[in-house]
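Chemist: Sharing a structure here in structure tokens format.
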Amino acid sequence: MSATKTALVTGASSGIGRAFAVALAEQGYQVIAVARRVERLQALLDSLPQHEAGHQMQVADLANPTDLQSLLSRFDQQHINLLINNAGASILEPFHESELSTQQNLLNLNCGATVTLAHRFLQQAEAGDTLINVASIVSFLPTPAQPMYSASKAFLAAFSECLWEEQRHRGVYVMGLCPGITRTEFIEQATRGEANGDNLPASLVQSPEAVVKEALVALKKRRHAIVVTGRSNRMMMQLPRLLSRHRLLKVLAKLGDPEAAL
Ligand SMILES: NC(=O)c1ccc[n+]([C@@H]2O[C@H](COP(=O)([O-])OP(=O)(O)OC[C@H]3O[C@@H](n4cnc5c(N)ncnc54)[C@H](OP(=O)(O)O)[C@@H]3O)[C@@H](O)[C@H]2O)c1
């Protein structure tokens, strides 16, 4: 058996996933980078250190069942030590105005693909292996402007916590990673291209590299089921204790309004 560990990272073409791929390659992992944009994946592979590790990419739309099935065959070819279920997206149109198929696609990506990959990963996992599901602080702070996104991330947090308890007896560590606002293309999408995080107070915004650094420290300790990155995000997590549910939703409706980020 090869001594090199292998990490499969979804959504590796940008943002947090890309930062994971770079940091893991620096730590000596062989990286399998997954996303839809082939040029971005190729540019990532070309820039990764440790070329001898044999980094690979797979172009896949994870909301598409055929692409997802073909990604599963990776697990038959080699042992995956670390799975990072990071690919995710949101929708900003009011729920009733958007196409149902758009909402279902979001569920397929944020939850369906995560469950499918987690299931296959855990079937082959050995003691010492790790599953990271990238959730969000909105897992615990439902944001009315993004109902399906908030609900999908709440699912991921609960799913990760339950698996954490179930899998720790096998020596397999499961983490629900909860970043707050992170300077990625995701913010540009969430504000329809009008903000990139520079307009927000610096204390509220993390870089993808800072998120990944905290996640990898937590991965070494293998202690917590839920890892919230950034001090201000950890403070935000106190809100449900301080406010009534009704008041909390009102506050989050204001804070989560994309116009507020401009
Ligand atoms: N940025 C934030 O403020 C923030 C906060 C909390 C949590 N998060 C979570 O962090 C994760 C990464 O987001 P990010 O902020 O790094 O945003 P990002 O830069 O937009 O990255 C999203 C990644 O997901 C991939 N992706 C999107 N749809 C896909 C699909 N159908 N199939 C395969 N890959 C797909 C994208 O690649 P392609 O377009 O090339 O497919 C891209 O690599 C997401 O789960 C997000 O919910 C972000």
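Scheme for the structure tokens: letters A, B, ... for chains in order shown; per-chain residue numbers from 1; ligand numbers from 1 in order shown.
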Set the distance at 10 Å and use only C-alpha atoms: which residues neighbour Gly28 in chain A once local chain neighbours fewer than 2 positions away are removed? I'd like the list as JSON, numbers by chain.
Modeler: {"A": [4, 5, 6, 23, 24, 25, 26, 30, 31, 49, 50, 51, 52, 53]}
Chemist: Write the selection just made, keeping N, CA and C atoms, as a compact mmCIF listing (two decimals), in the first residue's frame?
Modeler:
```
# COMPACT_ATOMS: atom_id res chain seq x y z
N THR A 4 1.46 7.55 0.51
CA THR A 4 0.85 8.84 0.23
C THR A 4 -0.64 8.78 0.51
N LYS A 5 -1.12 9.80 1.25
CA LYS A 5 -2.57 9.84 1.52
C LYS A 5 -3.26 10.58 0.38
N THR A 6 -4.50 10.18 0.12
CA THR A 6 -5.26 10.79 -0.98
C THR A 6 -6.46 11.55 -0.43
N ALA A 23 -3.53 23.59 0.24
CA ALA A 23 -2.97 23.30 1.56
C ALA A 23 -2.68 21.80 1.72
N LEU A 24 -3.56 20.96 1.20
CA LEU A 24 -3.37 19.51 1.34
C LEU A 24 -2.21 19.02 0.48
N ALA A 25 -2.06 19.59 -0.71
CA ALA A 25 -0.91 19.22 -1.56
C ALA A 25 0.38 19.62 -0.85
N GLU A 26 0.37 20.79 -0.21
CA GLU A 26 1.56 21.23 0.54
C GLU A 26 1.87 20.27 1.68
N GLN A 30 -1.93 13.41 -2.04
CA GLN A 30 -2.31 13.37 -3.45
C GLN A 30 -3.73 13.93 -3.51
N VAL A 31 -3.96 14.91 -4.38
CA VAL A 31 -5.26 15.57 -4.44
C VAL A 31 -6.03 15.14 -5.68
N PRO A 49 1.94 22.06 -5.58
CA PRO A 49 3.25 21.48 -5.29
C PRO A 49 3.14 19.95 -5.23
N GLN A 50 4.28 19.29 -5.09
CA GLN A 50 4.32 17.82 -4.96
C GLN A 50 3.72 17.13 -6.17
N HIS A 51 4.22 17.50 -7.36
CA HIS A 51 3.69 16.89 -8.59
C HIS A 51 3.85 15.37 -8.59
N GLU A 52 4.91 14.93 -7.91
CA GLU A 52 5.17 13.48 -7.91
C GLU A 52 4.04 12.71 -7.22
N ALA A 53 3.23 13.42 -6.44
CA ALA A 53 2.09 12.75 -5.77
C ALA A 53 1.05 12.30 -6.80
```
Chemist: Going by DSSP on the backbone, which bits of range 135-193 of chain A are helix (DSSP H, G or I)? Write them as an MDAnalysis selection string, please.
Modeler: chainID A and resid 137:139 147:170 185:190
Chemist: Find the residues around Arg18 in chain A up to 10 Å (only C-alpha atoms counted), leave out those fewer than 3 positions away in its own chain, and share them as a PyMOL selection string.
Modeler: chain A and resi 9-15+21-24+33-34+40-41+44+86+208-209+212
Chemist: 6 Å from ligand 1 is the threshold here; counting only C-alpha atoms and all ligand atoms, which polymer residues fall inside it? Answer as a ChimeraX atom specification.
Modeler: /A:11-17,35-37,60-63,86-89,109,134-136,179-187
Chemist: Taking only range 71-229 of chain A into account, list the residues labelled strand (DSSP E or B) by DSSP (computed from the backbone), as a PyMOL selection string.
Modeler: chain A and resi 82-85+130-134+173-178+182+206+226-228
Chemist: Would you mind reading off the distance between CA of Asn81 in chain A and CA of Ala125 in chain A, one decimal, in Å?
Modeler: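 Computed distance, CA of Asn81 in chain A to CA of Ala125 in chain A, equals 7.0 Å.
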